[in-house]
Every structure is written in C-alpha cells, then in structure tokens.
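Colleague: Pasting in a structure now, in structure tokens, and then I'll have a few things to ask.
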Protein chains: 2
Amino acid sequence: MAEYGPDARTRWFDAGSVALESGAVVPGVRIAYRTWGRLSPSADNAILVCHALTGDANVDRWWGPVIGPGRALDTDRYFVVASNVIGGCYGSTGPTSPHPSTGIPWGPDFPAVTIRDMVAVQHSLVDHLGIRRLALVVGGSMGAMQALEWAIEHPDVVGSVAPIAVGATHSAWCIGISEAQRQAIQADPAWEDGRYDPRRPPAAGLAVARQIAMVSYRSPESFGERFGRDTNGSGFEVESYLRHQGRKLVARFDANTYVLLTRSMDSHDVGRDRGGVAAALGGIAAPTTVVGITSDVLYPVAEQRDLVDLVPGARYVELDIPHGHDGFLVDAAAVGEVLAEHLSTVCARAA
Amino acid sequence: MAEYGPDARTRWFDAGSVALESGAVVPGVRIAYRTWGRLSPSADNAILVCHALTGDANVDRWWGPVIGPGRALDTDRYFVVASNVIGGCYGSTGPTSPHPSTGIPWGPDFPAVTIRDMVAVQHSLVDHLGIRRLALVVGGSMGAMQALEWAIEHPDVVGSVAPIAVGATHSAWCIGISEAQRQAIQADPAWEDGRYDPRRPPAAGLAVARQIAMVSYRSPESFGERFGRDTNGSGFEVESYLRHQGRKLVARFDANTYVLLTRSMDSHDVGRDRGGVAAALGGIAAPTTVVGITSDVLYPVAEQRDLVDLVPGARYVELDIPHGHDGFLVDAAAVGEVLAEHLSTVCARAA
C-alpha cells in the first residue's frame, strides 16, 4: 500500500465544470474522498477534515491518533469526510490530470487555485453527500486556511470550526519561504517551465524544496533534541535526515502540484473582497477553537492570538510542544485532546 | 568601487604555510586585511572585528555606524583591524585562489576550514602587526564564533570579547538550514562537483541558497512590516526582493567558498577537544558582553542565555528589535551603543 494517495477505500465525486475564483473554468473535475462512520438520519453529525500541503484524504494514515472509534473524531459517532483538494495529486483533478480536450496532463497550465476554490469544491461534495450540517471543520496549516474559509463562507452549514497553526493571511515570511522552495524547483533544468516528462521530473529541485520546508516545519528545539550535533559516516545526522526527506517527497509528489498548491497557500487572505480581515473574521458565528503551537516558526502564535481577538467568542488553546509547525501531526494525541474537548463543549452548548 | 572585496586600502599579510585543524596544510596563505586608527606605543589599544559568512574586511562599509571617529569602535582612540577569513573569497586565500603547484584555483579541493583555523591565522596577523593586547574582539554570527574562540584560545591577548547572535555550538537547526542551502547549490548541474568554470558558476543554485539564507536572517515581523502582502507586476513584493537578493549574491560571491564557509560554521563547537562546552566557556577570563536579538530565528536568545550562564561574569544585553538575525547589521546603531557601553565598562574596570 502506498503511503499516500487513493486506495480501494477511496471514492470519487464528479464535480463537473468548476469555475475558479480567477474566472478560469476547469471542466470535468473529479475529487477523491474518503468517509468514516455513518451519516445520521438528521444529517448533522458530519465532520470535515481538510488536509495540509502534501497531505491527502487518508486522515487515518496521517492523523491516526485523532480519528477512529472512541477517538476525538469518533467514527462511531460522527460521519467523517476528507477529500483531496482540487489541484492536488492524490486522486483529485490537478496538474497531473489529463486535460479533457488534449488528453495531455495540465502540468503548468492548470489554473491558479485559491483556498476558496478548494472550499467551494468541498462544499459541492458535502451537498452531494447529503450533509446538512458539519459539526466541525478542522485542519492544520493549509487545512486550517480551508477551515477558516468554511466558517466565513458557509455559516449555514458549519456548526463549529478548529483552525490549527495558521493566521488570517499568509504572511510575507511564509510567502518568502514558499518562494525559495519554488525557486529551488524552477532552478532545476529538468523543470522545463513545468513541461517536464513525468518520468524525468525536477527531482533535485523538488528535493531541495522539501528540505527547506522540513526545516521550517520543525523548530530549533526539536532538531536539537533529535539530532544535536550527532554525526554518521556522511556528515551530520540532520543532513542525512533532510536528504532522506527530500528523496521521500520526490517519490510521492508532483512538482507542478507543489508549485500550484504553495501558491494557493500564498493566496490565503480571509479579508480579500470582504472588507478586510477584521470584517471577515468578525462575521464568523460558529463556535471556534483556535489552536496555536508555541514553537511554530511559520505561523507564530501571535497570528493565532490575532485570530482569537477577531473571531467572536473564539476559544484559544496553545500547545506548548517543541515540534514546531508540524506539531499538529507529530503530537496528534495532543491535538486529539483539544478536539475532543472542543466537540464536547460544542455539543453541550447545542444541547 | 565594488561593494565587497579588496580595494586600494586593503593590505595583505603573508601567513606562509598554514596547518589546519584537520591536519591539512595550505601553502602560501595570504590574508587580506584593513586597519583604522593607530596602534598605541603600548600596543594595547587594538580591536579586532570578525566578519560574518559573506562579509569581508571592509568594516566601514558593512558596519558603518559602529566604526569611525567618535563612534563605538572609535578610530581616534582604537587601532581597529579586520581581515577576510582564510577560505574566503574577498582577498584571502581560499577556493578561488590558485593552488601554488598547479596555478589552477583550489575549488572544491580547498581543505575544510574550522572557526579555530580562522582564528589561528588572525592570531598570526595580530602578532605580525605588533599588537600586544586586543581591547576587544567582536563579531556577529560567524564573527561571533571567532570571537568566542579568541577568548578561549588566546586569553593572554584578549582584553574583552563581545559575541553577537550566536551560540556555543552550531545547532542541528542551523546545520539543517545550511545543508538545504548547500543542496540547492549542488543540485545545480553547473555545480559540476565544484569544478565549474568561474565564468559559468552554479548561479541558479547559489541564488536559491541566498534566498533560503535571507529568509532565515530576517523574521516574520520584519518581513511583515516591510512587505506585508504587497504585490507588484510579477507577484508579491517579498518574492521580487528575494530574487533580487539571490542575483546580488551571485554577482559577488563564489559557490565553492559558500559551501566551504557554511561548513566552517557547522563545525562551530567551542567544546570540541576541550572537555565540552561548559569547560571551554568556563575558562574564559576576559570581560564578556553577550548580545542576543529577540527576533533571531537562527540563534534563538536561549542560546545566548546559555552562553551567559557558562561564561564567568558575562554581561547580557538583549536587543528587542524585529529584524531577526541580521539585526546586528540592520540596526548597527543599537549594536554601537552596546559596544560603546561595553568598552567604557571594561576601561573603567581596567583603570
């Protein structure tokens, strides 16, 4: 079984022609998704999980401690749904999909996708599944961007929301780190303006991009604890680790998709065309738990505190863990506790 | 006048054959240096300034507000010396220098240089200049690594020391960020294992390395204040800025030297062969002012606090400025104040 991507449990939703925020239209969009548990007769026990940059619909694989019978996202109780985003490379229509009129993969011609586009397509899927109300929309990082957009755009559907390790907009700092990664990919001659043969992708560039990303996902503390200044036959342990992480991503991810989705993240700005960030967040009615990670280098806790200040009645939980931005994956158990508490509070309030 | 590198005011010191910490010997080493002010008859008014990764001996160009008549490093009072490190590409012997026996640049065959090697060669220069006592050894980042090594290795010469924005060792975090940069350079086909024609250097790779570095030198706050989410004709302002920074470094720095000196920084460990960090720092007798920058992402202030805990009698000054690691360059005026106070305290103590 591949670590990421569709398997026998994956389903597909035909979203038809999708008009994007840019005005571009993508015909024949298919979205890969998974579900766990059963939708209640009143269709109000659904939870939507939104994945991060290189994640997929297989929440049970990358967030195991959070989902399952008796866990925070209790599949005995909730109908949990997750889909691979539009523009992704794990079963949904994206740069690796054949263009309907040519049969050739879209590659670099796939139009720009915003976080709002991802949410619009998920909304169609939620409709298609007959879901009336989402008890919770949750995600970390790019998934949290989607969660915020859900809360703003679909107050009628969203029962509660839990954005983890994100801000109201993608900061210049994060855009800069994204851009260095894209430059690494695009500096690889195999990139060929994105028109590479999938059998000869810009592997070296994508590997470097992943190395930059992996550092930014962790923290001085976590690298210090894990690697220190330990060495092996080929240098420092941390060097071998990063090279290994680079190779792993190259084996499982597409470079055009990486460029596209990092740009999607850069587009993140809840205030766009809504009169600004404060107006957009001030309109959120759903009970909200904002989760920050003290050691997050990409989205410092100041950004989560800003969210809490602007979302009416938002609760704030700060996880004091050393793992950096990736803490929401590395310490999934801690996140599970927060989500369990969030859900019990929300249910108590609803009762 | 080029922004960096030797000019008419540069002098050269012939250090002869230099035996490095690794055991390798580099014959015919020349070191580019500059001086300001005059050495006193008692030869005890000298100050040594150590430069950072891509810096050079021209302290007046990159640290203008700190050096000059009436400034912290008062050239009416002190004899200020700075040299380009061994292994550098601004006039001192390094990868771009011709190998004495072949006449061909050393390139990737230049042996590994540690921070201690840099200091050993500087020590020869200080001897050569007839300096009996250094009133201060100061530097930021890689320069601060040298300052610490000076204090440990040459207590007879060092009157006081001020390491800025550094730790006792190069952390796994910093090594990881260095390694991503080296991988960017080495992923460029023009790298050719370092045997590139200087007219066709791995420019794309070096530019990406610089972009990674520039992000790490700044902070979320500084990028946010300066760029926010502003856009121009080609995307976000911060993207244009980083691409510009990449091009600028390519025009002024050599890729083999970049790889060599980042490895020198990775070698930084004051405790190596000295019974550990605590023993090494505990032996420092010179009055020490440790300077930390609150927004430093590379060398978080916890590392400077550790130094203060271990260096007997060390003073600690924390600069609460938003500029990140580069704060010691960006806010040179703030550093100048700290150094002026340091020098007046030390002089008062000596009187």
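FYI, nothing fancy with the structure tokens labels: chains A, B, ... in order, residues from 1 per chain, ligands from 1 as they appear.
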Pull out every residue of chain A sitting within 9 Å of chain B, counting only C-alpha atoms, and send them as an MDAnalysis selection string.

Modeller: chainID A and resid 169:177 179:181 183:184 187:189 204:205 207:212 215:216 218:230 236:239 242:243 297:300

Colleague: Running DSSP on the backbone, which parts of range 246-304 of chain B land in helix (DSSP H, G or I), as a list of chain:residue names?

Modeller: B:Gly246, B:Arg247, B:Lys248, B:Leu249, B:Val250, B:Ala251, B:Arg252, B:Ala255, B:Asn256, B:Thr257, B:Tyr258, B:Val259, B:Leu260, B:Leu261, B:Thr262, B:Arg263, B:Ser264, B:Met265, B:Asp266, B:Val277, B:Ala278, B:Ala279, B:Ala280, B:Leu281, B:Gly282, B:Val301, B:Ala302, B:Glu303, B:Gln304

Colleague: Within range 104-304 of chain B, find each residue whose DSSP state, derived from the backbone, is strand (DSSP E), and express the selection as a list of chain:residue names.

Modeller: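 The residues of range 104-304 of chain B classed as strand (DSSP E) are B:Leu134, B:Ala135, B:Leu136, B:Val137, B:Val138, B:Gly139, B:Gly140, B:Val161, B:Ala162, B:Pro163, B:Ile164, B:Thr231, B:Asn232, B:Gly235, B:Phe236, B:Thr289, B:Val290, B:Val291, B:Gly292, B:Ile293.
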
Colleague: With only C-alpha atoms as the counted atoms, please give the residues lying no more than 12 Å from Cys89 in chain B, apart from itself and same-chain residues fewer than 2 positions off, as a ChimeraX atom specification.

Modeller: /B:4-6,30-32,53-57,83-87,91-98,105-107,252-261

Colleague: With N, CA and C atoms retained, could you export that selection as a compact mmCIF listing (two decimals), in the first residue's frame?

Modeller:
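Final output, saved to again.txt:
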# COMPACT_ATOMS: atom_id res chain seq x y z
N TYR B 4 31.90 44.87 -2.17
CA TYR B 4 32.67 43.98 -1.29
C TYR B 4 34.03 43.70 -1.91
N GLY B 5 34.98 43.31 -1.08
CA GLY B 5 36.28 42.85 -1.57
C GLY B 5 37.35 43.91 -1.46
N PRO B 6 38.57 43.53 -1.80
CA PRO B 6 39.73 44.40 -1.63
C PRO B 6 39.61 45.69 -2.44
N ARG B 30 47.76 33.95 1.97
CA ARG B 30 47.74 35.41 2.07
C ARG B 30 46.40 35.83 2.65
N ILE B 31 46.45 36.80 3.53
CA ILE B 31 45.23 37.26 4.20
C ILE B 31 45.04 38.75 3.89
N ALA B 32 43.87 39.08 3.37
CA ALA B 32 43.54 40.49 3.11
C ALA B 32 43.04 41.12 4.40
N LEU B 53 29.43 35.35 7.45
CA LEU B 53 29.57 34.43 6.30
C LEU B 53 29.99 35.10 4.99
N THR B 54 29.22 36.06 4.52
CA THR B 54 29.54 36.66 3.23
C THR B 54 30.14 38.06 3.38
N GLY B 55 30.65 38.35 4.57
CA GLY B 55 31.26 39.65 4.82
C GLY B 55 32.72 39.69 4.38
N ASP B 56 33.36 40.81 4.70
CA ASP B 56 34.76 40.98 4.31
C ASP B 56 35.45 41.89 5.32
N ALA B 57 36.66 42.35 4.97
CA ALA B 57 37.45 43.16 5.90
C ALA B 57 37.00 44.61 5.95
N SER B 83 40.16 41.26 9.09
CA SER B 83 40.73 40.52 7.96
C SER B 83 39.67 39.63 7.35
N ASN B 84 39.81 39.37 6.07
CA ASN B 84 38.97 38.36 5.42
C ASN B 84 39.48 36.99 5.87
N VAL B 85 38.55 36.11 6.25
CA VAL B 85 38.94 34.81 6.80
C VAL B 85 39.68 33.95 5.79
N ILE B 86 40.53 33.07 6.28
CA ILE B 86 41.10 32.04 5.40
C ILE B 86 39.93 31.20 4.87
N GLY B 87 39.97 30.90 3.59
CA GLY B 87 38.85 30.20 2.96
C GLY B 87 37.87 31.14 2.30
N GLY B 91 39.85 38.33 -1.03
CA GLY B 91 41.25 38.71 -0.96
C GLY B 91 42.13 37.74 -0.20
N SER B 92 41.55 36.92 0.67
CA SER B 92 42.35 35.93 1.39
C SER B 92 42.39 34.62 0.60
N THR B 93 43.37 33.79 0.93
CA THR B 93 43.50 32.51 0.24
C THR B 93 42.29 31.63 0.54
N GLY B 94 41.70 31.11 -0.53
CA GLY B 94 40.52 30.27 -0.40
C GLY B 94 40.28 29.52 -1.70
N PRO B 95 39.10 28.96 -1.86
CA PRO B 95 38.81 28.13 -3.04
C PRO B 95 39.03 28.84 -4.38
N THR B 96 38.92 30.16 -4.42
CA THR B 96 39.11 30.85 -5.70
C THR B 96 40.59 31.16 -5.98
N SER B 97 41.46 30.91 -4.98
CA SER B 97 42.89 31.19 -5.17
C SER B 97 43.55 30.08 -5.97
N PRO B 98 44.55 30.43 -6.75
CA PRO B 98 45.26 29.38 -7.48
C PRO B 98 46.05 28.48 -6.53
N PRO B 105 42.71 27.27 -9.71
CA PRO B 105 42.01 27.51 -8.43
C PRO B 105 41.75 26.21 -7.67
N TRP B 106 41.89 26.30 -6.36
CA TRP B 106 41.64 25.16 -5.47
C TRP B 106 40.24 24.59 -5.69
N GLY B 107 39.27 25.46 -5.85
CA GLY B 107 37.88 25.00 -5.99
C GLY B 107 37.48 24.09 -4.85
N ARG B 252 28.53 38.57 -6.43
CA ARG B 252 29.63 38.95 -5.54
C ARG B 252 30.26 37.82 -4.76
N PHE B 253 29.77 36.58 -4.93
CA PHE B 253 30.29 35.52 -4.08
C PHE B 253 30.50 34.24 -4.88
N ASP B 254 31.42 33.43 -4.39
CA ASP B 254 31.78 32.19 -5.07
C ASP B 254 31.10 30.99 -4.41
N ALA B 255 30.60 30.08 -5.24
CA ALA B 255 29.82 28.95 -4.73
C ALA B 255 30.65 27.98 -3.89
N ASN B 256 31.88 27.65 -4.34
CA ASN B 256 32.71 26.76 -3.53
C ASN B 256 33.01 27.39 -2.17
N THR B 257 33.24 28.70 -2.17
CA THR B 257 33.51 29.39 -0.91
C THR B 257 32.29 29.34 0.00
N TYR B 258 31.12 29.47 -0.62
CA TYR B 258 29.88 29.43 0.16
C TYR B 258 29.72 28.07 0.84
N VAL B 259 29.98 27.03 0.08
CA VAL B 259 29.88 25.67 0.65
C VAL B 259 30.92 25.49 1.74
N LEU B 260 32.15 25.93 1.47
CA LEU B 260 33.23 25.77 2.45
C LEU B 260 32.91 26.51 3.76
N LEU B 261 32.51 27.77 3.65
CA LEU B 261 32.32 28.58 4.87
C LEU B 261 31.06 28.19 5.64

Colleague: Just give me the gap between CA of Val158 in chain A and CA of Ala135 in chain A in Å, one decimal is fine.

Modeller: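 Spanning CA of Val158 in chain A to CA of Ala135 in chain A is a straight-line distance of 6.6 Å.
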
Colleague: Have a look at A:Ala151, A:Leu136, A:Val59, A:Ile67 and name the one nearest to Pro312 in chain A; count only C-alpha atoms.

Modeller: A:Ala151

Colleague: Please compute the CA of Val311 in chain B-CA of Ala278 in chain B distance, one decimal, in Å.

Modeller: 8.3 Å

Colleague: Could you work out how far CA of Val119 in chain A lies from CA of Ser22 in chain A, giving the answer in Å with one decimal?

Modeller: 14.4 Å

Colleague: Report as a PDB file with all heavy atoms, in the first residue's frame all protein, DNA and RNA residues lying within 9 Å of Leu329 in chain B, evaluated on only C-alpha atoms, omitting residues in the same chain fewer than 3 positions from it.

Modeller:
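Wrote part_37.pdb, looks like this:
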ATOM      1  N   TRP B  62      30.169  47.691   5.891  1.00  0.00           N
ATOM      2  CA  TRP B  62      29.006  46.914   6.332  1.00  0.00           C
ATOM      3  C   TRP B  62      28.608  47.187   7.782  1.00  0.00           C
ATOM      4  O   TRP B  62      27.575  46.684   8.237  1.00  0.00           O
ATOM      5  CB  TRP B  62      29.187  45.412   6.081  1.00  0.00           C
ATOM      6  CG  TRP B  62      30.452  44.761   6.577  1.00  0.00           C
ATOM      7  CD1 TRP B  62      31.569  44.494   5.839  1.00  0.00           C
ATOM      8  CD2 TRP B  62      30.724  44.271   7.904  1.00  0.00           C
ATOM      9  NE1 TRP B  62      32.519  43.884   6.619  1.00  0.00           N
ATOM     10  CE2 TRP B  62      32.032  43.724   7.887  1.00  0.00           C
ATOM     11  CE3 TRP B  62      30.004  44.241   9.087  1.00  0.00           C
ATOM     12  CZ2 TRP B  62      32.618  43.159   9.020  1.00  0.00           C
ATOM     13  CZ3 TRP B  62      30.585  43.668  10.225  1.00  0.00           C
ATOM     14  CH2 TRP B  62      31.872  43.143  10.178  1.00  0.00           C
ATOM     15  N   TRP B  63      29.429  47.970   8.492  1.00  0.00           N
ATOM     16  CA  TRP B  63      29.090  48.280   9.882  1.00  0.00           C
ATOM     17  C   TRP B  63      29.400  49.747  10.159  1.00  0.00           C
ATOM     18  O   TRP B  63      29.879  50.094  11.245  1.00  0.00           O
ATOM     19  CB  TRP B  63      29.882  47.367  10.837  1.00  0.00           C
ATOM     20  CG  TRP B  63      29.063  46.687  11.880  1.00  0.00           C
ATOM     21  CD1 TRP B  63      27.705  46.627  11.971  1.00  0.00           C
ATOM     22  CD2 TRP B  63      29.569  45.946  13.005  1.00  0.00           C
ATOM     23  NE1 TRP B  63      27.325  45.894  13.071  1.00  0.00           N
ATOM     24  CE2 TRP B  63      28.448  45.453  13.718  1.00  0.00           C
ATOM     25  CE3 TRP B  63      30.847  45.634  13.477  1.00  0.00           C
ATOM     26  CZ2 TRP B  63      28.574  44.679  14.870  1.00  0.00           C
ATOM     27  CZ3 TRP B  63      30.979  44.857  14.615  1.00  0.00           C
ATOM     28  CH2 TRP B  63      29.853  44.387  15.309  1.00  0.00           C
ATOM     29  N   GLY B 140      29.482  39.364  14.796  1.00  0.00           N
ATOM     30  CA  GLY B 140      28.151  38.769  14.843  1.00  0.00           C
ATOM     31  C   GLY B 140      28.146  37.500  14.013  1.00  0.00           C
ATOM     32  O   GLY B 140      28.908  37.361  13.058  1.00  0.00           O
ATOM     33  N   HIS B 325      18.029  37.739  12.840  1.00  0.00           N
ATOM     34  CA  HIS B 325      19.473  37.539  12.993  1.00  0.00           C
ATOM     35  C   HIS B 325      20.270  38.720  12.436  1.00  0.00           C
ATOM     36  O   HIS B 325      21.249  39.158  13.030  1.00  0.00           O
ATOM     37  CB  HIS B 325      19.856  36.243  12.283  1.00  0.00           C
ATOM     38  CG  HIS B 325      21.292  35.890  12.395  1.00  0.00           C
ATOM     39  ND1 HIS B 325      21.912  35.645  13.600  1.00  0.00           N
ATOM     40  CD2 HIS B 325      22.257  35.747  11.442  1.00  0.00           C
ATOM     41  CE1 HIS B 325      23.192  35.355  13.387  1.00  0.00           C
ATOM     42  NE2 HIS B 325      23.420  35.422  12.092  1.00  0.00           N
ATOM     43  N   ASP B 326      19.866  39.216  11.282  1.00  0.00           N
ATOM     44  CA  ASP B 326      20.563  40.335  10.641  1.00  0.00           C
ATOM     45  C   ASP B 326      20.441  41.634  11.420  1.00  0.00           C
ATOM     46  O   ASP B 326      21.001  42.653  11.001  1.00  0.00           O
ATOM     47  CB  ASP B 326      20.011  40.568   9.230  1.00  0.00           C
ATOM     48  CG  ASP B 326      20.910  39.956   8.160  1.00  0.00           C
ATOM     49  OD1 ASP B 326      21.943  39.360   8.512  1.00  0.00           O
ATOM     50  OD2 ASP B 326      20.563  40.077   6.971  1.00  0.00           O
ATOM     51  N   ALA B 332      22.701  48.598  13.256  1.00  0.00           N
ATOM     52  CA  ALA B 332      24.090  48.739  13.713  1.00  0.00           C
ATOM     53  C   ALA B 332      24.196  49.797  14.810  1.00  0.00           C
ATOM     54  O   ALA B 332      25.044  49.695  15.702  1.00  0.00           O
ATOM     55  CB  ALA B 332      24.998  49.086  12.536  1.00  0.00           C
ATOM     56  N   ALA B 333      23.311  50.795  14.756  1.00  0.00           N
ATOM     57  CA  ALA B 333      23.356  51.844  15.780  1.00  0.00           C
ATOM     58  C   ALA B 333      23.111  51.254  17.166  1.00  0.00           C
ATOM     59  O   ALA B 333      23.790  51.617  18.140  1.00  0.00           O
ATOM     60  CB  ALA B 333      22.328  52.921  15.470  1.00  0.00           C
ATOM     61  N   VAL B 335      23.712  48.207  18.121  1.00  0.00           N
ATOM     62  CA  VAL B 335      24.904  47.443  18.494  1.00  0.00           C
ATOM     63  C   VAL B 335      26.015  48.395  18.925  1.00  0.00           C
ATOM     64  O   VAL B 335      26.740  48.135  19.890  1.00  0.00           O
ATOM     65  CB  VAL B 335      25.367  46.551  17.317  1.00  0.00           C
ATOM     66  CG1 VAL B 335      26.692  45.885  17.651  1.00  0.00           C
ATOM     67  CG2 VAL B 335      24.310  45.504  16.998  1.00  0.00           C
TER      68      VAL B 335
END

Colleague: Using only C-alpha atoms, which of A:Asp309, A:Glu337, A:Glu153, A:Asp193 sits nearest Gly271 in chain A?

Modeller: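 Checking each candidate against Gly271 in chain A, we get A:Glu153 as the closest.
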
Colleague: I need the residue nearest Arg305 in chain A from this list: A:Ala165, A:Arg9, A:His268, A:Trp191. Use only C-alpha atoms for the distance.

Modeller: A:Ala165

Colleague: Do a neighbour search on Leu125 in chain B at 10 Å with only C-alpha atoms, toss out local chain neighbours closer than 5 positions, and write the hits as a PyMOL selection string.

Modeller: chain B and resi 12-15+31-33+81-83+119-120+130-131

Colleague: Using N, CA and C atoms, can you write the selected residues to a file as a PDB file, in the first residue's frame?

Modeller:
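selection.pdb written:
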ATOM      1  N   TRP B  12      47.878  43.134   2.571  1.00  0.00           N
ATOM      2  CA  TRP B  12      47.949  41.687   2.614  1.00  0.00           C
ATOM      3  C   TRP B  12      49.022  41.227   3.587  1.00  0.00           C
ATOM      4  N   PHE B  13      48.714  40.152   4.247  1.00  0.00           N
ATOM      5  CA  PHE B  13      49.645  39.536   5.196  1.00  0.00           C
ATOM      6  C   PHE B  13      49.984  38.137   4.680  1.00  0.00           C
ATOM      7  N   ASP B  14      51.276  37.873   4.541  1.00  0.00           N
ATOM      8  CA  ASP B  14      51.685  36.542   4.102  1.00  0.00           C
ATOM      9  C   ASP B  14      51.823  35.642   5.316  1.00  0.00           C
ATOM     10  N   ALA B  15      50.897  34.726   5.443  1.00  0.00           N
ATOM     11  CA  ALA B  15      50.884  33.845   6.615  1.00  0.00           C
ATOM     12  C   ALA B  15      51.716  32.590   6.397  1.00  0.00           C
ATOM     13  N   ILE B  31      46.451  36.799   3.534  1.00  0.00           N
ATOM     14  CA  ILE B  31      45.233  37.258   4.195  1.00  0.00           C
ATOM     15  C   ILE B  31      45.041  38.749   3.890  1.00  0.00           C
ATOM     16  N   ALA B  32      43.871  39.082   3.370  1.00  0.00           N
ATOM     17  CA  ALA B  32      43.537  40.485   3.110  1.00  0.00           C
ATOM     18  C   ALA B  32      43.041  41.118   4.402  1.00  0.00           C
ATOM     19  N   TYR B  33      43.535  42.304   4.709  1.00  0.00           N
ATOM     20  CA  TYR B  33      43.058  42.959   5.931  1.00  0.00           C
ATOM     21  C   TYR B  33      43.037  44.464   5.764  1.00  0.00           C
ATOM     22  N   VAL B  81      41.241  46.477  13.511  1.00  0.00           N
ATOM     23  CA  VAL B  81      41.754  45.552  12.499  1.00  0.00           C
ATOM     24  C   VAL B  81      40.643  44.597  12.095  1.00  0.00           C
ATOM     25  N   ALA B  82      40.579  44.307  10.809  1.00  0.00           N
ATOM     26  CA  ALA B  82      39.664  43.263  10.333  1.00  0.00           C
ATOM     27  C   ALA B  82      40.326  42.565   9.159  1.00  0.00           C
ATOM     28  N   SER B  83      40.155  41.256   9.090  1.00  0.00           N
ATOM     29  CA  SER B  83      40.731  40.518   7.961  1.00  0.00           C
ATOM     30  C   SER B  83      39.670  39.628   7.346  1.00  0.00           C
ATOM     31  N   VAL B 119      40.752  31.719  13.351  1.00  0.00           N
ATOM     32  CA  VAL B 119      41.313  32.463  14.474  1.00  0.00           C
ATOM     33  C   VAL B 119      42.831  32.291  14.533  1.00  0.00           C
ATOM     34  N   ALA B 120      43.318  31.091  14.235  1.00  0.00           N
ATOM     35  CA  ALA B 120      44.767  30.857  14.276  1.00  0.00           C
ATOM     36  C   ALA B 120      45.473  31.784  13.283  1.00  0.00           C
ATOM     37  N   GLY B 130      52.217  43.584  15.540  1.00  0.00           N
ATOM     38  CA  GLY B 130      52.838  44.059  16.779  1.00  0.00           C
ATOM     39  C   GLY B 130      51.845  44.355  17.885  1.00  0.00           C
ATOM     40  N   ILE B 131      50.633  43.806  17.758  1.00  0.00           N
ATOM     41  CA  ILE B 131      49.601  44.034  18.776  1.00  0.00           C
ATOM     42  C   ILE B 131      49.893  43.159  19.992  1.00  0.00           C
TER      43      ILE B 131
END
